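Working notes, structure below.
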Amino acid sequence: MLAPFPWQGTDWARLLVDLREERLHHALLFSGPSGIGKRLLAERLARSLMCAYPADGGDCGQCRCCRLMQAGTHPDCLRIAPEEPGRQIRIAQVREEMIDFVMRTASFAARKVVLIAPADAMNTATANCLLKSLEEPTRGTYLLLVTDTPVRLLPTIRSRCRTVALRPPGWEEALQWFIARRGETDAEDLLGAASGHPLEALRLDGTDALRQFDRAANLLLRSAQPGPWYSTLAGEVADVDLHQLLAWMQIYLGDLSRWMASPESSRLPRALAVHEAMRARVSEQSVARLLRDTLRAARDARATTNPNKTLLLESLLAGWQGVAADA
Ligand SMILES: [Zn+2]
């Protein structure tokens, strides 16, 4: 019974053993970075829990329950997600849909499953409402939570769940899988831009992500040299999403730092020319410092409702220039 993705074999095997031996915890928290297939693994476990004729503990894919699960219409499986991506899960979704669902007797099998993804889209009130059902687990009801950022869940929720900590595949494994899925063109660059997370790389494929990445790298290069780069900055970044730009800057600087330490460890072939030009202007220490400052700026920007993009970038990059000048 294969895992949804090859790098999940060990975690999947462990879940199947628990399932077969009827000792699966009633609340599981699937955590790990985004773009590595956490939700699909949780979904697969949900299907296996509902299957009427499980093979080796996993879903058969053919029985009526499996077909209903595939269609998303199994009455004993409730999937809760924000109504629009990026929004919060409404408290009513948990209070009305879930409490009703948990109290109701299962229609087909003895089991019921609630799948909440992303679980960090619950605010405190919603999460408190969920806690109720975690405190009084109903027999045969399983709760599967999925999150990239477990720290954003209430500690009381985390402590009631058993965590399934999923890790990204190694670079080579991720690259092989990604190339098999969509061919070699730009494969390394896309995977590098996705921090090595294969499903995130698939998501970036076909978007203008690499062009945006190049812009961020070039902005860093220009601002590392003396000259009035800041006079054109506001116009240059007018159409850019600040959070996204800071994220690309982190990825670029991370790769520059790796490349400076050991050139063959770069994962972004398209950045090599910029890396070369950068090496003449900045030291490894200054790259490490700007990377730290960029992380801090990204955190500050997220904590502010309406951050001043130009001001924030100016102060971040001015620091970089000062460092670059004496490198
Ligand atoms: Zn089945």
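As shown in the structure tokens, the chain order sets the letters A, B, ...; within each chain, residues go from 1, and ligands are also counted from 1 in the order they appear.
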Original post:
Mind checking DSSP for region 94-258 of chain A and telling me the strand (DSSP E) residues as a count of residues only?
Top reply: 16
Subject >> Spatial neighbours of region 162-171 of chain A, 8 Å, only C-alpha atoms, chain gap at least 4 places, as a VMD selection string >> reply: chain A and resid 7 to 8 11 25 27 to 33 36 38 158 175 196 to 197
Subject >> Distance filter 10 Å around ligand 1, atoms: only C-alpha atoms and all ligand atoms, out as a PyMOL selection string >> reply: chain A and resi 47-55+58-69
Subject >> Within 8 Å of Gly37 (chain A) using only C-alpha atoms, minus same-chain residues under 5 positions, as a PyMOL selection string >> reply: chain A and resi 4-5+199
Store the residues of this selection in a file with N, CA, C and O atoms, as a compact mmCIF listing (two decimals), in the first residue's frame.
```txt
# COMPACT_ATOMS: atom_id res chain seq x y z
N PRO A 4 0.98 8.41 -0.61
CA PRO A 4 0.68 9.32 -1.72
C PRO A 4 1.95 9.83 -2.40
O PRO A 4 1.97 10.03 -3.61
N PHE A 5 3.03 10.06 -1.66
CA PHE A 5 4.29 10.52 -2.25
C PHE A 5 5.43 9.65 -1.73
O PHE A 5 5.39 9.22 -0.58
N LEU A 199 5.71 19.98 -4.09
CA LEU A 199 4.36 20.40 -4.49
C LEU A 199 4.27 21.91 -4.61
O LEU A 199 3.50 22.45 -5.41
```
**OP:** Considering only C-alpha atoms, return as a count of residues only whatever protein or nucleic-acid residues lie within 12 Å of Gln88 (chain A), sequence-local ones (same chain, fewer than 6 positions apart) excluded.
**Re:** 16
